[in-house]
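Data first, discussion second: the structure below is written as structure tokens.
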2 protein chains.
Amino acid sequence: MHSVRADDQQWEPSVERPDGTRRRATIHDVAKLAGVSRQTVSRAVNDKGEIDPATKERVLEAARLLDYRPSRFARGMVQKGAVTAGLVIPDLMNPFFPEVAAGVLEAAEQRGWQVVVWDSRIDEAREREALDVLSHQADAVIGYFRSPDDVLARHLGGVPLVLLERGPQQTRFAAVGIDAAAGLERGMAHLVAAGHRRIGMLDGVHGPGPRRQAFLEEARRHGLPVDEGWTELCDEHSVAGGEAGMERLLDARPEITAVFGFNDLMAVGAMRAARRRGRRVPDDLAVLGFDGLSLGELVEPALTTLHIDKRRLGRLAVEQVARLRAGEEPMSGPDAWIIPELVVRASA
Amino acid sequence: MHSVRADDQQWEPSVERPDGTRRRATIHDVAKLAGVSRQTVSRAVNDKGEIDPATKERVLEAARLLDYRPSRFARGMVQKGAVTAGLVIPDLMNPFFPEVAAGVLEAAEQRGWQVVVWDSRIDEAREREALDVLSHQADAVIGYFRSPDDVLARHLGGVPLVLLERGPQQTRFAAVGIDAAAGLERGMAHLVAAGHRRIGMLDGVHGPGPRRQAFLEEARRHGLPVDEGWTELCDEHSVAGGEAGMERLLDARPEITAVFGFNDLMAVGAMRAARRRGRRVPDDLAVLGFDGLSLGELVEPALTTLHIDKRRLGRLAVEQVARLRAGEEPMSGPDAWIIPELVVRASA
DNA sequence: TTGTACGCGTTATCAA
DNA sequence: TTGATAACGCGTACAA
């Protein structure tokens, strides 16, 4: 019977190579130390049956001594089924995205998948970097990307991709998104019903997109005296970005009585800027957000907004991945498009 | 010269086994289809030199046809160095944690590590589940855990762990945390200097912890007429939790003139509850938060709070992991403890 | 430029 | 209950 001891002088949580350098202990080292075969070590470590309790104890002791941990790679080689998804988020500081991420994580957990998260910090170079890594280390990627399809494809190396918030006409990849047109329709109807006609919009940093397009479309439909000149590009999707944009918009279009925010953060910024200028919200200026962050309930006046089910967006993305992996057709149309719900509070 | 075509009738992004089932294409299949050796495929796919451009093209075409992607496991076996850390977060909906996560992600990215994220949703069972998975799939784990050390150890299988916000006397694992005592000292000094003596506290769901302890300690130091009876346990670390707790606290201790929130969310809830009861903030009741969420700048009155550098907390945790992996002693004491900064705004 | 042979660490199969 | 052997898919010397 072997006694379990790694060394006479000292034991190390690693094993010495012939050349003197140290490497992590492998199952083989444990087997040698415990005086059993690799197979027996495997049985002990993985809690299989068919092993003598005493043997098992001896093996585990040896493993502990050597600080042995099975290589996840070697394991993965032989046991199929581990799925890792990559998730690329543009800005963890914007409360919108953690909620989407929560939906992804939740759905992934239910399927037994893991999720590797990357924060691209709204930087296309970092987007590509994320893809370079994830295309090697993940079985599929979900995320927000600004890069065009061909760039994505080039850095993707064939890994399935599900884009967040990209319309079908904007990408050939699978996607889940938000029905901006349906949202703006509801929002605009609300403002027009309240008598507003001179309505502005604070647009996101990326310029003309579905939200602005839908905004202009609705303005036209309602016959409002509103065109591109009533939209103001902001340089950050943040409260500060909204404040600065609102200042400019009020300079350019002082006659507005209502304003759409690209998102809730910017809408809150708009409220603050407007009030600083002495405009009461909603009496002098109605403000409408887009997102439905819980933050909107805490500001004063509380923010009227187009609420999006962000967790569902994340869950849907995971479902798209599952379809892709199964070789099925991804969802498209209404199934993959979340319709914002108008939540009326005090600001509009 | 071989022509590249997977099949005469149809091609499939997979390969048929002798038994008729399908499996993913391997490097071997690509080699066969392209009429080269596996080695050549490897060269083509990994963009090494020393390969005829025409050959490379043929190989890549074959790879495309078979939807070939290198197995990350087989790759990992032969190329060491890929590090994956696990991150366990209790609640992605609380803006505090995404910011910590951003710090972790940032530091991990700099080191070329990946991060697998889990949302334990404040559930000890899910904590253990996370550990069971991550102990297999990650090289180290960072996270918030409520489970006691021995439970953690049992589910950890020897994987290095860095605990977030656990004091040295509370765990034998490496940790990084927040110096609650230093924070409360500053906060209490501020309130006392403003003349407050009847000060209450809304405590977190987990009951007596460093923050409450420091609160009582400071109250004693300042000779305030305050004891355990002036603290109120809340059942959620949220605005709603703070509101409900504040209602109870005002019932139990209507004489209070100031209140500490366990975190900013709860402090905001406290403000709302107080104002609903007709108390003006800060005139009738001063409210002090703990976290420094940007949210606090948006509410009215803006929240005075003990600001924590949450990103730094995350970065520090990664640094601890690096030390653990290098076999070094993890940081302890002041190096691993973040001191909250008092940010005075309108609420106190 | 291309191919052969081997090792990486683990689990599964089957025989002892 | 235990052990020998064969995969698993890839990269990399080294040989051709």
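Each chain in the structure tokens gets a letter, A, B, ..., in the order shown, and its residues are numbered from 1; ligands are numbered from 1 in order too.
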
Which residues of chain D come within 8 Å of chain A, and for each one, what is the closest pair of atoms and their distance in Å to one decimal, counting only C-alpha atoms (C1' of nucleotides), sorted by chain and residue number, as CSV?
residue,atom,partner,partner_atom,distance
D:DT1,C1',A:Ile51,CA,5.7
D:DT2,C1',A:Thr40,CA,7.1
D:DG3,C1',A:Ser37,CA,6.3
D:DC8,C1',A:Val78,CA,5.1
D:DG9,C1',A:Met77,CA,7.4

Can you tell me, as a PDB file with N, CA and C atoms, in the first residue's frame, what residues are no more than 9 Å from stretch 101-109 of chain B when counting only C-alpha atoms (C1' of nucleotides), ignoring any on the same chain fewer than 3 positions away?
ATOM      1  N   ASP A  91     -22.194  49.018 -23.448  1.00  0.00           N
ATOM      2  CA  ASP A  91     -21.974  49.957 -22.344  1.00  0.00           C
ATOM      3  C   ASP A  91     -22.657  49.463 -21.082  1.00  0.00           C
ATOM      4  N   LEU A  92     -21.893  48.878 -20.218  1.00  0.00           N
ATOM      5  CA  LEU A  92     -22.477  48.333 -18.991  1.00  0.00           C
ATOM      6  C   LEU A  92     -22.981  49.416 -18.056  1.00  0.00           C
ATOM      7  N   MET A  93     -22.571  50.632 -18.266  1.00  0.00           N
ATOM      8  CA  MET A  93     -23.009  51.716 -17.374  1.00  0.00           C
ATOM      9  C   MET A  93     -24.416  52.200 -17.700  1.00  0.00           C
ATOM     10  N   VAL A 117     -18.905  37.356 -21.265  1.00  0.00           N
ATOM     11  CA  VAL A 117     -19.371  38.720 -21.524  1.00  0.00           C
ATOM     12  C   VAL A 117     -18.211  39.652 -21.873  1.00  0.00           C
ATOM     13  N   TRP A 118     -18.447  40.485 -22.867  1.00  0.00           N
ATOM     14  CA  TRP A 118     -17.480  41.523 -23.271  1.00  0.00           C
ATOM     15  C   TRP A 118     -18.165  42.871 -23.267  1.00  0.00           C
ATOM     16  N   ASP A 119     -17.458  43.867 -22.784  1.00  0.00           N
ATOM     17  CA  ASP A 119     -17.949  45.235 -22.834  1.00  0.00           C
ATOM     18  C   ASP A 119     -17.167  45.949 -23.933  1.00  0.00           C
TER      19      ASP A 119
ATOM     20  N   THR B  84      -9.766  31.703 -18.189  1.00  0.00           N
ATOM     21  CA  THR B  84     -11.174  32.068 -18.049  1.00  0.00           C
ATOM     22  C   THR B  84     -11.495  32.249 -16.572  1.00  0.00           C
ATOM     23  N   ALA B  85     -12.027  33.413 -16.254  1.00  0.00           N
ATOM     24  CA  ALA B  85     -12.449  33.665 -14.883  1.00  0.00           C
ATOM     25  C   ALA B  85     -13.968  33.621 -14.811  1.00  0.00           C
ATOM     26  N   LEU B  87     -17.377  35.037 -12.890  1.00  0.00           N
ATOM     27  CA  LEU B  87     -17.821  36.172 -12.078  1.00  0.00           C
ATOM     28  C   LEU B  87     -19.263  35.934 -11.652  1.00  0.00           C
ATOM     29  N   ILE B  89     -22.444  37.411  -9.713  1.00  0.00           N
ATOM     30  CA  ILE B  89     -23.046  38.680  -9.315  1.00  0.00           C
ATOM     31  C   ILE B  89     -24.421  38.384  -8.717  1.00  0.00           C
ATOM     32  N   PHE B  96     -25.329  48.938  -8.987  1.00  0.00           N
ATOM     33  CA  PHE B  96     -24.033  48.794  -8.338  1.00  0.00           C
ATOM     34  C   PHE B  96     -23.212  47.695  -8.998  1.00  0.00           C
ATOM     35  N   PHE B  97     -23.833  46.576  -9.264  1.00  0.00           N
ATOM     36  CA  PHE B  97     -23.074  45.405  -9.687  1.00  0.00           C
ATOM     37  C   PHE B  97     -22.579  45.449 -11.125  1.00  0.00           C
ATOM     38  N   PRO B  98     -23.366  45.977 -12.040  1.00  0.00           N
ATOM     39  CA  PRO B  98     -22.808  46.110 -13.388  1.00  0.00           C
ATOM     40  C   PRO B  98     -21.526  46.941 -13.395  1.00  0.00           C
ATOM     41  N   GLY B 112      -5.976  39.741 -21.103  1.00  0.00           N
ATOM     42  CA  GLY B 112      -6.277  38.729 -22.118  1.00  0.00           C
ATOM     43  C   GLY B 112      -7.109  37.580 -21.575  1.00  0.00           C
ATOM     44  N   TRP B 113      -7.778  37.827 -20.456  1.00  0.00           N
ATOM     45  CA  TRP B 113      -8.635  36.786 -19.901  1.00  0.00           C
ATOM     46  C   TRP B 113     -10.065  36.948 -20.386  1.00  0.00           C
ATOM     47  N   GLN B 114     -10.777  35.859 -20.308  1.00  0.00           N
ATOM     48  CA  GLN B 114     -12.207  35.932 -20.558  1.00  0.00           C
ATOM     49  C   GLN B 114     -12.960  35.824 -19.243  1.00  0.00           C
ATOM     50  N   VAL B 115     -14.198  36.298 -19.253  1.00  0.00           N
ATOM     51  CA  VAL B 115     -14.996  36.248 -18.032  1.00  0.00           C
ATOM     52  C   VAL B 115     -16.352  35.616 -18.311  1.00  0.00           C
ATOM     53  N   VAL B 117     -19.919  35.085 -16.847  1.00  0.00           N
ATOM     54  CA  VAL B 117     -20.726  35.773 -15.825  1.00  0.00           C
ATOM     55  C   VAL B 117     -21.944  34.948 -15.432  1.00  0.00           C
ATOM     56  N   ILE B 142     -14.481  34.871  -9.155  1.00  0.00           N
ATOM     57  CA  ILE B 142     -14.652  36.109  -8.402  1.00  0.00           C
ATOM     58  C   ILE B 142     -16.139  36.253  -8.125  1.00  0.00           C
ATOM     59  N   LYS B 310     -16.511  51.585  -7.650  1.00  0.00           N
ATOM     60  CA  LYS B 310     -16.933  50.216  -7.924  1.00  0.00           C
ATOM     61  C   LYS B 310     -16.075  49.538  -9.000  1.00  0.00           C
ATOM     62  N   ARG B 311     -15.688  50.314  -9.993  1.00  0.00           N
ATOM     63  CA  ARG B 311     -14.808  49.743 -11.022  1.00  0.00           C
ATOM     64  C   ARG B 311     -13.501  49.295 -10.404  1.00  0.00           C
ATOM     65  N   ARG B 312     -13.001  50.102  -9.497  1.00  0.00           N
ATOM     66  CA  ARG B 312     -11.741  49.746  -8.868  1.00  0.00           C
ATOM     67  C   ARG B 312     -11.893  48.454  -8.066  1.00  0.00           C
ATOM     68  N   LEU B 313     -13.030  48.326  -7.434  1.00  0.00           N
ATOM     69  CA  LEU B 313     -13.300  47.090  -6.700  1.00  0.00           C
ATOM     70  C   LEU B 313     -13.160  45.891  -7.640  1.00  0.00           C
ATOM     71  N   GLY B 314     -13.754  46.015  -8.807  1.00  0.00           N
ATOM     72  CA  GLY B 314     -13.666  44.935  -9.782  1.00  0.00           C
ATOM     73  C   GLY B 314     -12.239  44.702 -10.257  1.00  0.00           C
ATOM     74  N   ARG B 315     -11.548  45.790 -10.517  1.00  0.00           N
ATOM     75  CA  ARG B 315     -10.159  45.644 -10.975  1.00  0.00           C
ATOM     76  C   ARG B 315      -9.303  44.987  -9.902  1.00  0.00           C
ATOM     77  N   LEU B 316      -9.512  45.398  -8.661  1.00  0.00           N
ATOM     78  CA  LEU B 316      -8.747  44.819  -7.559  1.00  0.00           C
ATOM     79  C   LEU B 316      -8.982  43.318  -7.465  1.00  0.00           C
ATOM     80  N   ALA B 317     -10.205  42.926  -7.681  1.00  0.00           N
ATOM     81  CA  ALA B 317     -10.523  41.499  -7.583  1.00  0.00           C
ATOM     82  C   ALA B 317      -9.729  40.713  -8.615  1.00  0.00           C
ATOM     83  N   VAL B 318      -9.638  41.273  -9.809  1.00  0.00           N
ATOM     84  CA  VAL B 318      -8.863  40.596 -10.854  1.00  0.00           C
ATOM     85  C   VAL B 318      -7.394  40.520 -10.455  1.00  0.00           C
ATOM     86  N   GLU B 319      -6.930  41.595  -9.851  1.00  0.00           N
ATOM     87  CA  GLU B 319      -5.529  41.597  -9.421  1.00  0.00           C
ATOM     88  C   GLU B 319      -5.292  40.520  -8.367  1.00  0.00           C
TER      89      GLU B 319
END

*For chain C, which residues have at least one atom within 10 Å of chain B, if we go by only C-alpha atoms (C1' of nucleotides)? Write them as an MDAnalysis selection string, please.*
chainID C and resid 1:4 7:9

Can you spit out the residues from that selection as a JSON list (two decimals), in the first residue's frame, using N, CA, C and O atoms (P, O5', C5', C4', C3', O3' and C1' of nucleotides)?
[["chain", "number", "residue", "atom", "x", "y", "z"],
["C", 1, "DT", "P", 6.33, 28.74, -50.03],
["C", 1, "DT", "O5'", 5.53, 27.38, -50.05],
["C", 1, "DT", "C5'", 4.91, 26.94, -51.23],
["C", 1, "DT", "C4'", 4.86, 25.45, -51.14],
["C", 1, "DT", "C3'", 3.69, 24.91, -50.29],
["C", 1, "DT", "O3'", 2.87, 24.13, -51.14],
["C", 1, "DT", "C1'", 5.74, 23.80, -49.79],
["C", 2, "DT", "P", 1.49, 23.61, -50.64],
["C", 2, "DT", "O5'", 1.86, 22.25, -49.90],
["C", 2, "DT", "C5'", 2.18, 21.11, -50.69],
["C", 2, "DT", "C4'", 2.65, 19.99, -49.79],
["C", 2, "DT", "C3'", 1.60, 19.45, -48.81],
["C", 2, "DT", "O3'", 1.16, 18.20, -49.29],
["C", 2, "DT", "C1'", 3.79, 19.56, -47.86],
["C", 3, "DG", "P", 0.05, 17.40, -48.45],
["C", 3, "DG", "O5'", 0.93, 16.43, -47.56],
["C", 3, "DG", "C5'", 1.80, 15.52, -48.19],
["C", 3, "DG", "C4'", 2.58, 14.74, -47.16],
["C", 3, "DG", "C3'", 1.71, 13.99, -46.14],
["C", 3, "DG", "O3'", 2.24, 12.68, -45.97],
["C", 3, "DG", "C1'", 3.28, 15.36, -45.02],
["C", 4, "DT", "P", 1.41, 11.59, -45.17],
["C", 4, "DT", "O5'", 2.44, 11.05, -44.09],
["C", 4, "DT", "C5'", 3.81, 11.40, -44.17],
["C", 4, "DT", "C4'", 4.51, 10.95, -42.89],
["C", 4, "DT", "C3'", 3.69, 10.08, -41.94],
["C", 4, "DT", "O3'", 4.57, 9.18, -41.32],
["C", 4, "DT", "C1'", 4.24, 12.10, -40.86],
["C", 7, "DG", "P", 5.06, 10.85, -27.93],
["C", 7, "DG", "O5'", 4.49, 12.13, -27.19],
["C", 7, "DG", "C5'", 5.07, 13.42, -27.45],
["C", 7, "DG", "C4'", 4.08, 14.48, -27.03],
["C", 7, "DG", "C3'", 3.30, 14.14, -25.74],
["C", 7, "DG", "O3'", 3.28, 15.29, -24.93],
["C", 7, "DG", "C1'", 1.79, 14.59, -27.50],
["C", 8, "DC", "P", 2.93, 15.19, -23.37],
["C", 8, "DC", "O5'", 1.65, 16.09, -23.22],
["C", 8, "DC", "C5'", 1.64, 17.45, -23.67],
["C", 8, "DC", "C4'", 0.21, 17.88, -23.84],
["C", 8, "DC", "C3'", -0.72, 17.28, -22.80],
["C", 8, "DC", "O3'", -0.82, 18.18, -21.69],
["C", 8, "DC", "C1'", -1.69, 17.31, -25.01],
["C", 9, "DG", "P", -0.61, 17.68, -20.19],
["C", 9, "DG", "O5'", -2.07, 17.17, -19.82],
["C", 9, "DG", "C5'", -3.12, 18.13, -19.77],
["C", 9, "DG", "C4'", -4.44, 17.40, -19.63],
["C", 9, "DG", "C3'", -4.50, 16.43, -18.45],
["C", 9, "DG", "O3'", -5.67, 16.73, -17.72],
["C", 9, "DG", "C1'", -5.16, 15.35, -20.45]]

*Please return as a ChimeraX atom specification: the residues of stretch 107-314 of chain B that backbone DSSP assigns to alpha helix (DSSP H).*
/B:107-111,124-137,149-156,180-193,210-221,239-252,264-276,310-314

Can you pull out every residue within 12 Å of B:Ala153, counting only C-alpha atoms (C1' of nucleotides), but drop anything in the same chain fewer than 6 positions away, and send it as an mmCIF file with all heavy atoms, in the first residue's frame?
data_model
loop_
_atom_site.group_PDB
_atom_site.id
_atom_site.type_symbol
_atom_site.label_atom_id
_atom_site.label_comp_id
_atom_site.auth_asym_id
_atom_site.auth_seq_id
_atom_site.Cartn_x
_atom_site.Cartn_y
_atom_site.Cartn_z
ATOM 1 N N ARG B 128 -24.405 27.963 -5.400
ATOM 2 C CA ARG B 128 -23.711 26.674 -5.431
ATOM 3 C C ARG B 128 -23.689 26.105 -6.835
ATOM 4 O O ARG B 128 -22.682 25.556 -7.285
ATOM 5 C CB ARG B 128 -24.399 25.697 -4.473
ATOM 6 C CG ARG B 128 -24.252 26.088 -3.019
ATOM 7 C CD ARG B 128 -24.740 24.989 -2.098
ATOM 8 N NE ARG B 128 -26.176 24.747 -2.200
ATOM 9 C CZ ARG B 128 -27.099 25.362 -1.466
ATOM 10 N NH1 ARG B 128 -26.739 26.268 -0.584
ATOM 11 N NH2 ARG B 128 -28.372 25.069 -1.617
ATOM 12 N N LEU B 131 -21.038 27.750 -8.725
ATOM 13 C CA LEU B 131 -19.720 27.226 -8.375
ATOM 14 C C LEU B 131 -19.499 25.852 -8.991
ATOM 15 O O LEU B 131 -18.405 25.540 -9.459
ATOM 16 C CB LEU B 131 -19.577 27.137 -6.860
ATOM 17 C CG LEU B 131 -19.236 28.456 -6.181
ATOM 18 C CD1 LEU B 131 -19.078 28.245 -4.694
ATOM 19 C CD2 LEU B 131 -17.966 29.033 -6.773
ATOM 20 N N ASP B 132 -20.526 25.023 -8.979
ATOM 21 C CA ASP B 132 -20.368 23.686 -9.547
ATOM 22 C C ASP B 132 -19.939 23.780 -11.004
ATOM 23 O O ASP B 132 -19.063 23.054 -11.460
ATOM 24 C CB ASP B 132 -21.685 22.909 -9.435
ATOM 25 C CG ASP B 132 -21.961 22.481 -7.999
ATOM 26 O OD1 ASP B 132 -21.004 22.377 -7.219
ATOM 27 O OD2 ASP B 132 -23.140 22.270 -7.667
ATOM 28 N N SER B 135 -16.393 25.832 -11.300
ATOM 29 C CA SER B 135 -15.227 25.090 -10.831
ATOM 30 C C SER B 135 -14.733 24.143 -11.921
ATOM 31 O O SER B 135 -13.572 23.757 -11.940
ATOM 32 C CB SER B 135 -15.579 24.299 -9.572
ATOM 33 O OG SER B 135 -16.575 23.334 -9.862
ATOM 34 N N VAL B 141 -12.473 32.050 -9.733
ATOM 35 C CA VAL B 141 -13.811 32.603 -9.560
ATOM 36 C C VAL B 141 -13.738 33.862 -8.709
ATOM 37 O O VAL B 141 -13.012 33.918 -7.718
ATOM 38 C CB VAL B 141 -14.755 31.579 -8.896
ATOM 39 C CG1 VAL B 141 -16.111 32.209 -8.608
ATOM 40 C CG2 VAL B 141 -14.907 30.350 -9.769
ATOM 41 N N PHE B 145 -20.801 35.988 -2.555
ATOM 42 C CA PHE B 145 -21.390 34.739 -2.084
ATOM 43 C C PHE B 145 -21.873 34.898 -0.657
ATOM 44 O O PHE B 145 -21.182 35.489 0.175
ATOM 45 C CB PHE B 145 -20.361 33.600 -2.141
ATOM 46 C CG PHE B 145 -19.972 33.206 -3.539
ATOM 47 C CD1 PHE B 145 -18.882 33.802 -4.165
ATOM 48 C CD2 PHE B 145 -20.699 32.265 -4.242
ATOM 49 C CE1 PHE B 145 -18.521 33.451 -5.461
ATOM 50 C CE2 PHE B 145 -20.345 31.909 -5.537
ATOM 51 C CZ PHE B 145 -19.258 32.502 -6.147
ATOM 52 N N SER B 147 -22.899 32.015 0.931
ATOM 53 C CA SER B 147 -22.613 30.721 1.551
ATOM 54 C C SER B 147 -21.353 30.807 2.402
ATOM 55 O O SER B 147 -20.431 31.548 2.083
ATOM 56 C CB SER B 147 -22.426 29.663 0.474
ATOM 57 O OG SER B 147 -23.479 29.703 -0.463
ATOM 58 N N VAL B 159 -10.531 25.392 -7.046
ATOM 59 C CA VAL B 159 -10.344 26.556 -7.919
ATOM 60 C C VAL B 159 -10.170 27.811 -7.058
ATOM 61 O O VAL B 159 -10.896 27.995 -6.088
ATOM 62 C CB VAL B 159 -11.559 26.721 -8.856
ATOM 63 C CG1 VAL B 159 -11.430 27.985 -9.684
ATOM 64 C CG2 VAL B 159 -11.688 25.498 -9.736
ATOM 65 N N PRO B 160 -9.216 28.652 -7.401
ATOM 66 C CA PRO B 160 -8.998 29.875 -6.623
ATOM 67 C C PRO B 160 -10.252 30.747 -6.601
ATOM 68 O O PRO B 160 -10.947 30.866 -7.607
ATOM 69 C CB PRO B 160 -7.876 30.588 -7.387
ATOM 70 C CG PRO B 160 -7.203 29.528 -8.182
ATOM 71 C CD PRO B 160 -8.252 28.509 -8.500
ATOM 72 N N LEU B 161 -10.494 31.343 -5.446
ATOM 73 C CA LEU B 161 -11.693 32.170 -5.272
ATOM 74 C C LEU B 161 -11.317 33.513 -4.674
ATOM 75 O O LEU B 161 -10.520 33.580 -3.743
ATOM 76 C CB LEU B 161 -12.678 31.458 -4.341
ATOM 77 C CG LEU B 161 -13.912 32.254 -3.915
ATOM 78 C CD1 LEU B 161 -14.811 32.534 -5.110
ATOM 79 C CD2 LEU B 161 -14.686 31.508 -2.841
ATOM 80 N N VAL B 162 -11.893 34.559 -5.223
ATOM 81 C CA VAL B 162 -11.753 35.884 -4.621
ATOM 82 C C VAL B 162 -13.143 36.386 -4.261
ATOM 83 O O VAL B 162 -13.997 36.554 -5.127
ATOM 84 C CB VAL B 162 -11.064 36.876 -5.571
ATOM 85 C CG1 VAL B 162 -11.109 38.285 -4.998
ATOM 86 C CG2 VAL B 162 -9.625 36.458 -5.822
ATOM 87 N N THR B 171 -13.776 35.383 6.350
ATOM 88 C CA THR B 171 -13.469 34.347 5.371
ATOM 89 C C THR B 171 -11.984 34.053 5.369
ATOM 90 O O THR B 171 -11.161 34.893 5.733
ATOM 91 C CB THR B 171 -13.893 34.781 3.950
ATOM 92 O OG1 THR B 171 -13.649 33.697 3.059
ATOM 93 C CG2 THR B 171 -13.097 35.993 3.491
ATOM 94 N N ARG B 172 -11.655 32.846 4.954
ATOM 95 C CA ARG B 172 -10.244 32.536 4.797
ATOM 96 C C ARG B 172 -9.828 32.582 3.335
ATOM 97 O O ARG B 172 -8.686 32.331 2.988
ATOM 98 C CB ARG B 172 -9.936 31.150 5.385
ATOM 99 C CG ARG B 172 -10.739 30.032 4.764
ATOM 100 C CD ARG B 172 -10.346 28.666 5.360
ATOM 101 N NE ARG B 172 -11.287 27.624 4.980
ATOM 102 C CZ ARG B 172 -11.279 27.004 3.810
ATOM 103 N NH1 ARG B 172 -10.406 27.334 2.877
ATOM 104 N NH2 ARG B 172 -12.175 26.063 3.547
ATOM 105 N N PHE B 173 -10.775 32.923 2.458
ATOM 106 C CA PHE B 173 -10.425 33.092 1.057
ATOM 107 C C PHE B 173 -9.862 34.486 0.818
ATOM 108 O O PHE B 173 -10.035 35.379 1.653
ATOM 109 C CB PHE B 173 -11.664 32.889 0.165
ATOM 110 C CG PHE B 173 -12.144 31.470 0.129
ATOM 111 C CD1 PHE B 173 -13.302 31.096 0.802
ATOM 112 C CD2 PHE B 173 -11.443 30.504 -0.581
ATOM 113 C CE1 PHE B 173 -13.745 29.782 0.772
ATOM 114 C CE2 PHE B 173 -11.882 29.190 -0.620
ATOM 115 C CZ PHE B 173 -13.039 28.830 0.057
#

*Enumerate the residues of stretch 152-188 of chain A with a DSSP assignment of strand (DSSP E or B), computed from the backbone, and present them as a PyMOL selection string.*
chain A and resi 161-164+174-178
